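Q: Data: model_27.cif, mmCIF, C-alpha atoms and all ligand atoms.
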data_target
#
loop_
_atom_site.label_atom_id
_atom_site.label_comp_id
_atom_site.auth_asym_id
_atom_site.auth_seq_id
_atom_site.Cartn_x
_atom_site.Cartn_y
_atom_site.Cartn_z
CA MET A 1 -10.82 -5.25 -28.44
CA LYS A 2 -7.33 -4.16 -27.46
CA LYS A 3 -5.14 -6.37 -25.34
CA ALA A 4 -2.03 -5.69 -23.30
CA LEU A 5 0.58 -8.01 -21.84
CA ILE A 6 1.57 -7.24 -18.24
CA LEU A 7 4.94 -8.51 -16.96
CA VAL A 8 4.89 -8.59 -13.18
CA ASP A 9 8.18 -8.22 -11.29
CA ILE A 10 10.46 -10.27 -13.56
CA GLN A 11 13.48 -9.14 -11.55
CA ASN A 12 16.74 -10.75 -10.44
CA ASP A 13 15.71 -11.15 -6.80
CA PHE A 14 12.78 -13.35 -7.82
CA CYS A 15 14.96 -15.52 -10.06
CA PRO A 16 17.17 -18.42 -8.84
CA ARG A 17 20.19 -16.44 -7.56
CA GLY A 18 18.04 -13.72 -6.00
CA SER A 19 17.23 -13.07 -2.36
CA LEU A 20 13.54 -13.99 -2.71
CA ALA A 21 14.06 -16.69 -5.32
CA VAL A 22 10.91 -18.13 -6.80
CA PRO A 23 11.51 -21.78 -7.79
CA GLY A 24 11.92 -21.91 -11.59
CA GLY A 25 11.43 -18.14 -11.82
CA ASP A 26 13.81 -17.84 -14.77
CA GLU A 27 11.97 -20.56 -16.71
CA ILE A 28 9.25 -18.08 -17.62
CA ILE A 29 11.59 -15.81 -19.55
CA PRO A 30 11.55 -17.62 -22.94
CA VAL A 31 7.78 -18.04 -22.61
CA VAL A 32 7.28 -14.34 -21.92
CA ASN A 33 9.68 -13.23 -24.67
CA SER A 34 7.84 -15.22 -27.32
CA LEU A 35 4.42 -14.22 -25.98
CA GLY A 36 5.42 -10.55 -26.22
CA THR A 37 5.82 -10.70 -29.98
CA GLY A 38 2.03 -11.14 -30.31
CA PHE A 39 1.19 -7.96 -28.35
CA GLU A 40 0.96 -4.40 -29.53
CA LEU A 41 1.29 -3.16 -25.96
CA VAL A 42 3.55 -4.61 -23.27
CA VAL A 43 3.97 -3.06 -19.82
CA ALA A 44 6.07 -4.17 -16.86
CA THR A 45 5.88 -3.65 -13.12
CA MET A 46 8.93 -3.54 -10.86
CA ASP A 47 9.07 -4.08 -7.13
CA TRP A 48 11.14 -1.06 -6.12
CA HIS A 49 11.72 -0.80 -2.39
CA PRO A 50 13.81 1.72 -0.45
CA PRO A 51 16.33 0.24 2.04
CA GLY A 52 14.64 -0.50 5.39
CA HIS A 53 11.26 -1.14 3.73
CA VAL A 54 8.35 -2.14 5.98
CA SER A 55 8.09 -5.53 4.22
CA PHE A 56 11.65 -6.57 5.14
CA ALA A 57 12.03 -8.89 8.16
CA SER A 58 15.41 -7.23 8.85
CA THR A 59 13.73 -3.84 9.35
CA HIS A 60 11.90 -5.22 12.39
CA GLY A 61 14.50 -7.71 13.66
CA LYS A 62 12.05 -10.50 12.88
CA ASN A 63 12.14 -13.68 10.83
CA VAL A 64 11.12 -14.14 7.23
CA GLY A 65 7.54 -15.39 7.12
CA ASP A 66 6.57 -13.64 10.39
CA THR A 67 3.75 -11.13 10.14
CA ILE A 68 3.26 -7.70 11.64
CA VAL A 69 0.41 -5.20 11.49
CA ALA A 70 1.36 -2.06 9.60
CA GLY A 71 -1.09 0.71 8.78
CA GLY A 72 -3.92 -1.49 10.05
CA ILE A 73 -3.25 -4.40 7.71
CA THR A 74 -1.30 -7.62 8.04
CA GLN A 75 2.12 -7.48 6.47
CA VAL A 76 4.09 -10.66 5.71
CA LEU A 77 7.81 -10.18 6.24
CA TRP A 78 10.22 -11.06 3.42
CA PRO A 79 13.99 -11.10 2.97
CA ASP A 80 15.40 -7.77 1.78
CA HIS A 81 14.62 -7.73 -1.95
CA CYS A 82 14.35 -5.43 -4.94
CA VAL A 83 16.15 -2.57 -3.21
CA GLN A 84 16.12 0.43 -5.53
CA ASN A 85 19.12 0.65 -7.87
CA THR A 86 20.65 -2.66 -6.81
CA TRP A 87 21.33 -5.78 -8.90
CA GLY A 88 18.38 -7.60 -7.33
CA ALA A 89 15.94 -4.95 -8.51
CA ARG A 90 17.02 -5.11 -12.16
CA LEU A 91 14.85 -6.80 -14.72
CA ALA A 92 16.09 -10.35 -15.38
CA PRO A 93 18.85 -10.19 -18.01
CA GLY A 94 17.22 -12.66 -20.42
CA LEU A 95 14.04 -10.63 -20.63
CA ASP A 96 13.57 -8.88 -23.96
CA GLN A 97 13.31 -5.31 -22.71
CA LYS A 98 12.78 -3.81 -26.17
CA MET A 99 9.19 -5.00 -26.12
CA ILE A 100 8.34 -3.05 -22.93
CA HIS A 101 6.52 0.23 -23.60
CA ARG A 102 6.31 1.44 -20.05
CA ILE A 103 7.44 0.41 -16.56
CA PHE A 104 5.45 0.98 -13.37
CA GLN A 105 7.33 0.92 -10.06
CA LYS A 106 5.62 -0.17 -6.86
CA GLY A 107 6.45 -0.59 -3.19
CA THR A 108 8.37 2.70 -3.18
CA ASP A 109 6.68 4.03 -0.02
CA PRO A 110 8.87 2.97 2.96
CA GLU A 111 5.78 2.31 5.10
CA ILE A 112 3.38 0.68 2.63
CA ASP A 113 3.89 -2.49 0.59
CA SER A 114 2.42 -2.98 -2.85
CA TYR A 115 1.74 -6.42 -4.27
CA SER A 116 -0.62 -5.37 -7.05
CA GLY A 117 0.73 -3.54 -10.06
CA PHE A 118 -2.27 -1.20 -9.79
CA PHE A 119 -2.56 -0.08 -6.15
CA ASP A 120 -0.61 -0.29 -2.89
CA ASN A 121 -1.84 -2.76 -0.26
CA GLN A 122 -3.70 0.00 1.59
CA ARG A 123 -5.28 1.10 -1.68
CA LYS A 124 -4.14 4.66 -1.00
CA LYS A 125 -2.19 5.29 -4.17
CA SER A 126 -2.42 4.15 -7.76
CA THR A 127 0.72 3.35 -9.74
CA GLY A 128 -0.82 4.89 -12.86
CA LEU A 129 -1.14 1.54 -14.61
CA ASP A 130 -4.95 1.67 -14.70
CA SER A 131 -5.14 5.06 -16.41
CA TYR A 132 -2.28 4.20 -18.75
CA LEU A 133 -4.11 1.08 -19.97
CA ARG A 134 -7.42 2.91 -20.28
CA ASN A 135 -5.87 5.81 -22.16
CA SER A 136 -4.31 3.26 -24.50
CA GLY A 137 -7.75 1.79 -25.20
CA VAL A 138 -6.98 -1.53 -23.56
CA ASN A 139 -9.86 -3.70 -22.37
CA SER A 140 -8.23 -7.07 -21.89
CA VAL A 141 -5.02 -7.89 -20.05
CA TYR A 142 -2.81 -10.98 -20.09
CA ILE A 143 -0.72 -11.30 -16.95
CA THR A 144 2.60 -13.13 -16.53
CA GLY A 145 5.43 -12.90 -14.03
CA LEU A 146 6.50 -13.51 -10.44
CA ALA A 147 5.16 -14.56 -8.12
CA THR A 148 1.90 -16.34 -8.93
CA ASP A 149 0.68 -16.39 -5.33
CA VAL A 150 1.71 -12.82 -4.47
CA CYS A 151 2.08 -10.03 -7.01
CA VAL A 152 0.56 -11.85 -10.00
CA LYS A 153 -2.48 -12.76 -7.91
CA PHE A 154 -3.11 -9.25 -6.58
CA THR A 155 -2.49 -7.68 -9.98
CA ALA A 156 -5.02 -10.07 -11.57
CA LEU A 157 -7.64 -9.50 -8.85
CA ASP A 158 -7.34 -5.72 -9.23
CA ALA A 159 -7.45 -5.94 -13.04
CA ALA A 160 -10.70 -7.92 -12.84
CA ASP A 161 -12.07 -5.49 -10.24
CA LEU A 162 -11.25 -2.57 -12.53
CA GLY A 163 -13.28 -4.16 -15.32
CA PHE A 164 -10.54 -5.51 -17.57
CA GLU A 165 -11.13 -8.89 -19.15
CA THR A 166 -8.34 -10.67 -17.29
CA PHE A 167 -6.20 -13.67 -18.27
CA VAL A 168 -3.30 -15.20 -16.37
CA VAL A 169 -0.85 -17.17 -18.50
CA SER A 170 0.13 -20.01 -16.20
CA ASP A 171 3.34 -21.17 -17.92
CA GLY A 172 4.46 -17.52 -17.86
CA CYS A 173 4.23 -17.46 -14.05
CA ARG A 174 5.90 -19.18 -11.10
CA GLY A 175 4.95 -19.04 -7.40
CA VAL A 176 6.70 -18.79 -4.02
CA ASP A 177 4.49 -21.28 -2.10
CA LEU A 178 5.75 -19.88 1.23
CA ASN A 179 3.05 -22.16 2.66
CA PRO A 180 2.58 -25.18 0.38
CA GLY A 181 -0.73 -24.87 -1.47
CA ASP A 182 -0.54 -21.07 -1.81
CA VAL A 183 -0.24 -21.24 -5.59
CA GLN A 184 -3.26 -23.53 -5.93
CA LYS A 185 -5.28 -21.28 -3.61
CA ALA A 186 -4.23 -18.24 -5.60
CA TYR A 187 -5.51 -19.78 -8.84
CA ALA A 188 -8.79 -20.72 -7.15
CA ARG A 189 -9.28 -17.18 -5.86
CA MET A 190 -8.48 -15.66 -9.27
CA LYS A 191 -10.95 -18.00 -10.99
CA ASP A 192 -13.62 -17.04 -8.42
CA LYS A 193 -13.10 -13.42 -9.48
CA GLY A 194 -13.69 -14.31 -13.12
CA VAL A 195 -10.05 -14.44 -14.17
CA THR A 196 -9.30 -16.96 -16.94
CA ILE A 197 -6.22 -19.11 -16.42
CA LEU A 198 -4.69 -20.33 -19.67
CA ASP A 199 -1.53 -21.65 -21.26
CA SER A 200 0.64 -19.47 -23.54
CA GLY A 201 -0.24 -21.82 -26.42
CA GLU A 202 -3.89 -20.78 -26.03
CA VAL A 203 -3.27 -17.03 -26.29
CA LYS A 204 -4.75 -15.80 -29.54
C1 LIG A 301 6.59 -10.09 -4.34
C2 LIG A 301 6.86 -10.72 -2.14
C3 LIG A 301 7.27 -9.45 -1.81
C4 LIG A 301 6.21 -10.47 -5.73
C5 LIG A 301 6.99 -8.80 -4.03
O1 LIG A 301 6.63 -9.79 -6.69
O2 LIG A 301 5.45 -11.45 -5.89
N1 LIG A 301 6.52 -11.03 -3.39
N2 LIG A 301 7.33 -8.50 -2.76
ZN ZN A 302 8.35 -6.64 -2.42
#
Once more with this new file: its structure as structure tokens, please.
Ligand code: VGL
Ligand code: ZN

A:
Amino acid sequence: MKKALILVDIQNDFCPRGSLAVPGGDEIIPVVNSLGTGFELVVATMDWHPPGHVSFASTHGKNVGDTIVAGGITQVLWPDHCVQNTWGARLAPGLDQKMIHRIFQKGTDPEIDSYSGFFDNQRKKSTGLDSYLRNSGVNSVYITGLATDVCVKFTALDAADLGFETFVVSDGCRGVDLNPGDVQKAYARMKDKGVTILDSGEVK
């Protein structure tokens, strides 16, 4: 049994002063830092968009929260966020970066968004996270990060689909709740998929 800790998008733009601030996003940092000490393998994903990305409302002259169809799938439009090589895209300063063995960038294709840390939303390309975990002998993954109802959710659903025993550490996550109830629905959907939701105190 080898386990890995996955840190999803713990970046400035998802923390309180960021452009897509997740309420209480920075509160997960001490939880994640202390959790990391119990893991042999820690990986991180980073939302890493080029300017003018398809997921930005500004790219289309539309409002945040509007939807468009792009590449045959529905795309929710967000404020500009996690633009490559900007402050907002950096990992949150309080995060203990020494524990991170490898970083996987996602959302780099200007035309395709990527919520999951494993695949883009059209499932065309892999980030390499799946093969990295497999080659490292990992069979169970513990997921933390931002945001519960977006990237954490899709990362957990893909992990379960790929056959990893999948845990989401709830006090190591915070959600956007763009529509109130999204976080609750996300947890219900993850549980349906066989994902275990637990508290950091329960991680063995
Ligand atoms: C995310 C919205 C847009 C996330 C990324 O990391 O949860 N949410 N891009
Ligand atoms: Zn994004």

Q: Which residues are close to region 83-98 of chain A, i.e. within 6 Å by only C-alpha atoms, leaving aside same-chain residues fewer than 6 positions away? Reply as a ChimeraX atom specification.

A: /A:10-13,29,33,48-51

Q: All residues within 8 Å of ligand ZN 302 (chain A) are required, counting only C-alpha atoms and all ligand atoms; please report them as a ChimeraX atom specification.

A: /A:47-49,55,78,81-82,107,113-115

Q: Between A:Gln105, A:Ser34, A:Thr148, A:Thr196, single out the one closest to ligand LIG 301 (chain A), counting all atoms listed in the file.

A: A:Thr148

Q: Do you know which residues are at most 7 Å from Val43 (chain A) counting all atoms listed in the file, after dropping those on the same chain fewer than 4 positions away, and could you put them as a PyMOL selection string?

A: chain A and resi 5-7+100-103

Q: Skipping near chain neighbours, those fewer than 2 positions away, what residues fall within 6 Å of Thr166 (chain A) using all atoms listed in the file, listed as a list in words?

A: Ser140, Val141, Ala160, Phe164 and Val195 of chain A

Q: Measuring between all atoms listed in the file, which one of A:Ala188, A:Ala21, A:Leu35, A:Met99 shows the shortest distance to ligand LIG 301 (chain A)?

A: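 Of A:Ala188, A:Ala21, A:Leu35, A:Met99, the one nearest ligand LIG 301 (chain A), counting all atoms listed in the file, is A:Ala21.
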
Q: Looking at all atoms listed in the file, which of A:Asp199, A:Val152, A:Leu41, A:Cys173 is the one that sits closest to Ser136 (chain A)?

A: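 Of the candidates, the smallest distance to Ser136 (chain A) is held by A:Leu41.
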